[in-house]
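K.L.:
If you scroll down you'll find the structure; I have some questions about it.
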Amino acid sequence: MQNELLIGLSGLGILIVMIVLRMPIAYAMILVGAGGIVTLSGPLVLMSQMKTLAYGVFANYDLSVVPLFVLMGHLATHAGLSQSLFRGANAWLGRFRGGVAMSAVAACAGFGAVCGSSLATASTMGHVALPELKRYRYSPALATGTLAAGGVLGILIPPSVVLVVYSIIVEANIVQMFAAALIPGIMAVILFILTIAVYVRVFPDSGPRADPVSRQEFLTATLGVLPVAIIFGLVIGGIYLGFFNPTPAAAIGVFLVLAYGIAARLVGLGEVRAALLATARTSGMIYLILLGAELLEIFMSRGGVPQAAAQMMATSGLAPLTILVLLLAALILLGCLMDSLSMILLAIPFFWPVISGLDFGMGPEETKIWFGILALIVVELGLITPPVGMNVFVISAIARDVPMRETFKGALPFFLVELVRVALLIAFPWLALVLPAILK
């Protein structure tokens, strides 16, 4: 047993080295998982596993929601929903000091509600909002930091691809996870806007007011937000009210975004083809990571690594909340090395057995939901944490004239505010649990 554990830990170390060397996470997981299974059980066991494993992973009905939400996000980009959201938010918030940056945060939240991807949200809104922020002479740190931080909202605000994957890993109810994410997501938007308000009060020249808009422009910009509100209301509202499950809801969302894009004459055959190809590439990457995660989980389970971690934490004498904070801190560190989906797939199979064995004063289903929301928030933090904050790299690729250190500096206040949100959710778990309880 000790030899198997040693082999498992060695495999984990090799995986980390591969990730640090920038090997694609899917290939690293597959190589380590397959190599570990062969080492522990022989090549015949690996062949037997592979005979049914890929089909078992890819044929999961719940996973069919992933490419649909990805497609909805790509179609939303082509349909110009991001521009409409930003114009509508700017019509309401631009009159305040720092209002254009606040509008970018609100637009990121709205686009995340039809996209479900942080990187896509950061990239799309970066192209839309950055020219306006530059036009009003916002400080480079505030402009790029706001967009990098605003992009993280896409990972938590439903629908979220990462939230779906987490639900499948721990066997949680996807609808309840979506419900649990709503209040923390709204909290993030409010806290981010307040952060900008404080920032521009401390540094008055960093975020001036936008030009006032006429009543006609205000009405037109506000009405432009209605398509997103209708799509979000029908898709997420339909899920919450029990009219349909997440997969049919995602299909309805794709249809609605496509219909809007065609009606607005912004989406044609070329845009549909581009969206389908981008969805195929993204979904293929996600499914390959899922396969690698399954192989790695089999290897680690045979090596006894998750069991040993759970046993070590259970006998450590540390309080459950202390262990929770340590695991969340580890997730933030992992976020410096890999994207959010890879992080969830790699870490949760190790962390969940530890969390499930601790007493937080709630049932196992509530613990799944609560820990899932906390995990996704700290995964968000990893996207804006140096040295490898993925959202910062995305924004830096758009704002090539802004040094990356300025973007990290601008994202720091939002990082600190996110820590406050984590502390609030730890202190008051009902913030994540009240809506799932109502929907039961």
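Ordered as shown in the structure tokens, chains take letters A, B, and onward, while each chain numbers its residues from 1 and ligands are numbered from 1 in the order shown.
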Neighbouring residues of A:Leu219 were defined as those with any atom within 9 Å, considering only C-alpha atoms; residues of the same chain fewer than 4 positions away were excluded. Please report them as a PyMOL selection string.

P.N.:
chain A and resi 88+91+214-215+223-224

K.L.:
Would you mind exporting C-alpha atoms of the selected residues as a CSV table (one decimal), in the first residue's frame?

P.N.:
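Saved as part-v3.csv:
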chain,number,residue,atom,x,y,z
A,88,GLY,CA,-27.2,50.0,-22.2
A,91,ALA,CA,-26.4,54.9,-20.6
A,214,SER,CA,-29.9,62.4,-24.8
A,215,ARG,CA,-33.2,60.9,-23.8
A,223,LEU,CA,-34.1,48.8,-25.1
A,224,GLY,CA,-31.0,47.2,-26.6

K.L.:
Might you pull out every residue within 12 Å of A:Ala250, with only C-alpha atoms counted and same-chain residues fewer than 5 positions away left off, and present them as a PyMOL selection string?

P.N.:
chain A and resi 62-73+113-116+158-161+164+231-232+234-239+244-245+255-257

K.L.:
Which distance in Å separates atom CA of A:Leu85 and atom CA of A:Val228, to one decimal?

P.N.:
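Computed distance, atom CA of A:Leu85 to atom CA of A:Val228, equals 7.8 Å.
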
K.L.:
Could you give me, as a list of chain:residue names, the residues within 9 Å of A:Lys368, counting only C-alpha atoms and dropping anything in the same chain fewer than 3 positions from it?

P.N.:
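In the requested format, the answer is A:Ser167, A:Val170, A:Glu171, A:Ala172, A:Met177, A:Trp352, A:Ile355, A:Ser356, A:Gly363, A:Pro364, A:Glu365, A:Phe371, A:Gly372, A:Ile373.
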
K.L.:
Can I get the selected residues back with N, CA and C atoms, as a JSON list (two decimals), in the first residue's frame?

P.N.:
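Contents of part_2.json, as written:
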[["chain", "number", "residue", "atom", "x", "y", "z"],
["A", 167, "SER", "N", -20.59, 20.04, -10.92],
["A", 167, "SER", "CA", -21.78, 19.31, -10.50],
["A", 167, "SER", "C", -21.68, 17.84, -10.89],
["A", 170, "VAL", "N", -19.01, 15.90, -8.51],
["A", 170, "VAL", "CA", -19.44, 15.58, -7.14],
["A", 170, "VAL", "C", -20.87, 15.05, -7.09],
["A", 171, "GLU", "N", -21.48, 14.86, -8.27],
["A", 171, "GLU", "CA", -22.85, 14.34, -8.38],
["A", 171, "GLU", "C", -23.85, 15.25, -7.67],
["A", 172, "ALA", "N", -23.71, 16.56, -7.91],
["A", 172, "ALA", "CA", -24.66, 17.54, -7.38],
["A", 172, "ALA", "C", -25.71, 17.86, -8.42],
["A", 177, "MET", "N", -27.22, 24.00, -8.26],
["A", 177, "MET", "CA", -25.95, 24.72, -8.33],
["A", 177, "MET", "C", -26.13, 26.06, -9.05],
["A", 352, "TRP", "N", -12.62, 17.07, -2.66],
["A", 352, "TRP", "CA", -13.97, 16.74, -2.23],
["A", 352, "TRP", "C", -14.00, 15.63, -1.18],
["A", 355, "ILE", "N", -13.34, 17.37, 2.09],
["A", 355, "ILE", "CA", -14.45, 18.23, 2.54],
["A", 355, "ILE", "C", -15.64, 17.39, 2.99],
["A", 356, "SER", "N", -15.94, 16.32, 2.25],
["A", 356, "SER", "CA", -17.12, 15.49, 2.58],
["A", 356, "SER", "C", -16.97, 14.79, 3.92],
["A", 363, "GLY", "N", -25.99, 19.32, 5.87],
["A", 363, "GLY", "CA", -26.05, 18.02, 5.23],
["A", 363, "GLY", "C", -25.09, 17.90, 4.07],
["A", 364, "PRO", "N", -24.90, 16.66, 3.56],
["A", 364, "PRO", "CA", -23.94, 16.46, 2.45],
["A", 364, "PRO", "C", -24.31, 17.21, 1.18],
["A", 365, "GLU", "N", -25.61, 17.31, 0.86],
["A", 365, "GLU", "CA", -26.01, 18.02, -0.36],
["A", 365, "GLU", "C", -25.74, 19.52, -0.22],
["A", 371, "PHE", "N", -19.57, 24.34, -0.94],
["A", 371, "PHE", "CA", -18.16, 24.23, -1.31],
["A", 371, "PHE", "C", -17.96, 24.50, -2.79],
["A", 372, "GLY", "N", -18.90, 24.09, -3.62],
["A", 372, "GLY", "CA", -18.78, 24.34, -5.05],
["A", 372, "GLY", "C", -18.75, 25.82, -5.37],
["A", 373, "ILE", "N", -19.60, 26.60, -4.72],
["A", 373, "ILE", "CA", -19.61, 28.05, -4.96],
["A", 373, "ILE", "C", -18.31, 28.68, -4.46]]

K.L.:
Using DSSP on the backbone coordinates, identify all residues within stretch 76-306 of chain A classified as alpha helix (DSSP H); present the result as a VMD selection string.

P.N.:
chain A and resid 76 to 78 81 to 93 99 to 115 118 to 135 140 to 151 161 to 170 174 to 202 215 to 223 226 to 240 246 to 263 269 to 303 305 to 306

K.L.:
Would you kindly return, as JSON, numbers by chain, each protein, DNA or RNA residue with an atom no farther than 12 Å from any atom of A:Val420, considering only C-alpha atoms and excluding same-chain residues fewer than 5 positions away?

P.N.:
{"A": [184, 187, 188, 191, 192, 195, 374, 377, 378, 381, 413, 414, 415, 425, 426, 427, 428]}

K.L.:
Using only C-alpha atoms, which of the listed residues (A:Ala129, A:Ile14, A:Leu327, A:Ala274) sits closest to A:Ile395?

P.N.:
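Among the listed residues, A:Ala129 lies closest to A:Ile395.
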
K.L.:
Taking into account only C-alpha atoms, which residue in the set A:Met125, A:Met404, A:Ala264, A:Leu324 is nearest to A:Trp370?

P.N.:
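With only C-alpha atoms as the atom set, the closest residue is A:Leu324.
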
K.L.:
Of the candidates A:Gly11, A:Gly382, A:Gly98, A:Pro248, which shows the shortest atom-to-atom distance to A:Val198, using only C-alpha atoms?

P.N.:
A:Gly98

K.L.:
May I have the residues within 12 Å of A:Val267 as a count of residues only, using only C-alpha atoms and disregarding those fewer than 6 positions away in the same chain?

P.N.:
16

K.L.:
My list of candidates is A:Pro429, A:Gly207, A:Gly150, A:Gly33. Which is closest to A:Tyr136 when distances are computed with only C-alpha atoms?

P.N.:
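Answer, going by the shortest atom-to-atom distance: A:Gly207.
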
K.L.:
Please list as an MDAnalysis selection string every residue within 12 Å of A:Glu294, counting only C-alpha atoms and excluding residues in the same chain fewer than 6 positions away.

P.N.:
chainID A and resid 26 29:34 37 49:50 52:58 169 287:288 300:301 345:346 348:349

K.L.:
Using N, CA and C atoms, can you export the residues from the last selection as a compact mmCIF listing (two decimals), in the first residue's frame?

P.N.:
# COMPACT_ATOMS: atom_id res chain seq x y z
N ALA A 26 -4.52 18.64 -20.86
CA ALA A 26 -5.19 17.39 -21.26
C ALA A 26 -4.15 16.30 -21.52
N MET A 29 -2.47 15.14 -18.24
CA MET A 29 -3.33 14.25 -17.47
C MET A 29 -3.40 12.86 -18.09
N ILE A 30 -3.54 12.80 -19.41
CA ILE A 30 -3.65 11.51 -20.08
C ILE A 30 -2.36 10.71 -19.93
N LEU A 31 -1.22 11.35 -20.12
CA LEU A 31 0.06 10.65 -20.01
C LEU A 31 0.30 10.14 -18.60
N VAL A 32 0.09 10.99 -17.60
CA VAL A 32 0.32 10.58 -16.22
C VAL A 32 -0.69 9.53 -15.78
N GLY A 33 -1.98 9.75 -16.14
CA GLY A 33 -3.01 8.78 -15.76
C GLY A 33 -2.77 7.42 -16.38
N ALA A 34 -2.51 7.40 -17.69
CA ALA A 34 -2.28 6.12 -18.38
C ALA A 34 -1.01 5.45 -17.87
N ILE A 37 -1.62 3.98 -14.37
CA ILE A 37 -2.44 2.75 -14.38
C ILE A 37 -1.59 1.57 -14.85
N GLN A 49 -9.81 -0.49 -19.43
CA GLN A 49 -10.44 0.77 -19.04
C GLN A 49 -10.76 1.62 -20.27
N MET A 50 -9.80 1.71 -21.19
CA MET A 50 -9.98 2.57 -22.35
C MET A 50 -11.08 2.08 -23.28
N THR A 52 -14.04 1.23 -22.67
CA THR A 52 -15.36 1.81 -22.37
C THR A 52 -15.28 3.21 -21.76
N LEU A 53 -14.07 3.63 -21.34
CA LEU A 53 -13.97 4.88 -20.59
C LEU A 53 -14.35 6.08 -21.43
N ALA A 54 -13.77 6.19 -22.63
CA ALA A 54 -14.04 7.36 -23.46
C ALA A 54 -15.54 7.49 -23.76
N TYR A 55 -16.17 6.36 -24.12
CA TYR A 55 -17.61 6.41 -24.41
C TYR A 55 -18.39 6.79 -23.15
N GLY A 56 -17.99 6.21 -22.01
CA GLY A 56 -18.69 6.50 -20.77
C GLY A 56 -18.61 7.97 -20.39
N VAL A 57 -17.46 8.60 -20.67
CA VAL A 57 -17.30 10.02 -20.35
C VAL A 57 -18.08 10.88 -21.34
N PHE A 58 -17.89 10.62 -22.63
CA PHE A 58 -18.46 11.50 -23.64
C PHE A 58 -19.96 11.32 -23.83
N ILE A 169 -18.88 16.10 -11.36
CA ILE A 169 -17.81 15.44 -10.60
C ILE A 169 -18.31 15.01 -9.23
N TYR A 287 -13.64 18.09 -23.66
CA TYR A 287 -13.86 16.65 -23.54
C TYR A 287 -12.55 15.90 -23.41
N LEU A 288 -11.50 16.38 -24.06
CA LEU A 288 -10.20 15.73 -23.92
C LEU A 288 -9.67 15.90 -22.50
N MET A 300 -5.00 7.83 -9.43
CA MET A 300 -4.84 8.32 -8.08
C MET A 300 -5.64 7.49 -7.08
N SER A 301 -6.82 7.04 -7.47
CA SER A 301 -7.63 6.19 -6.58
C SER A 301 -6.92 4.86 -6.32
N LEU A 345 -11.12 20.13 -12.54
CA LEU A 345 -11.00 18.70 -12.84
C LEU A 345 -9.84 18.06 -12.11
N LEU A 346 -8.77 18.80 -11.90
CA LEU A 346 -7.60 18.25 -11.22
C LEU A 346 -7.78 18.24 -9.71
N ILE A 348 -10.69 18.96 -7.58
CA ILE A 348 -11.90 18.53 -6.87
C ILE A 348 -11.88 17.03 -6.52
N PRO A 349 -11.41 16.12 -7.39
CA PRO A 349 -11.35 14.71 -6.98
C PRO A 349 -10.48 14.48 -5.74

K.L.:
If I take atom CA of A:Val162 and atom CA of A:Gly13, how far is one from the other in Å, to one decimal?

P.N.:
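Interatomic distance here is 24.7 Å.
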
K.L.:
Using only C-alpha atoms, which residue out of A:Ala181, A:Val202, A:Leu130, A:Ala347 lies closest to A:Glu297?

P.N.:
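Checking each of A:Ala181, A:Val202, A:Leu130, A:Ala347 against A:Glu297, counting only C-alpha atoms, the winner is A:Ala347.
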
K.L.:
Separation of atom CA of A:Gly145 and atom CA of A:Leu334, in Å?

P.N.:
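Distance between the two atoms: 20.7 Å.
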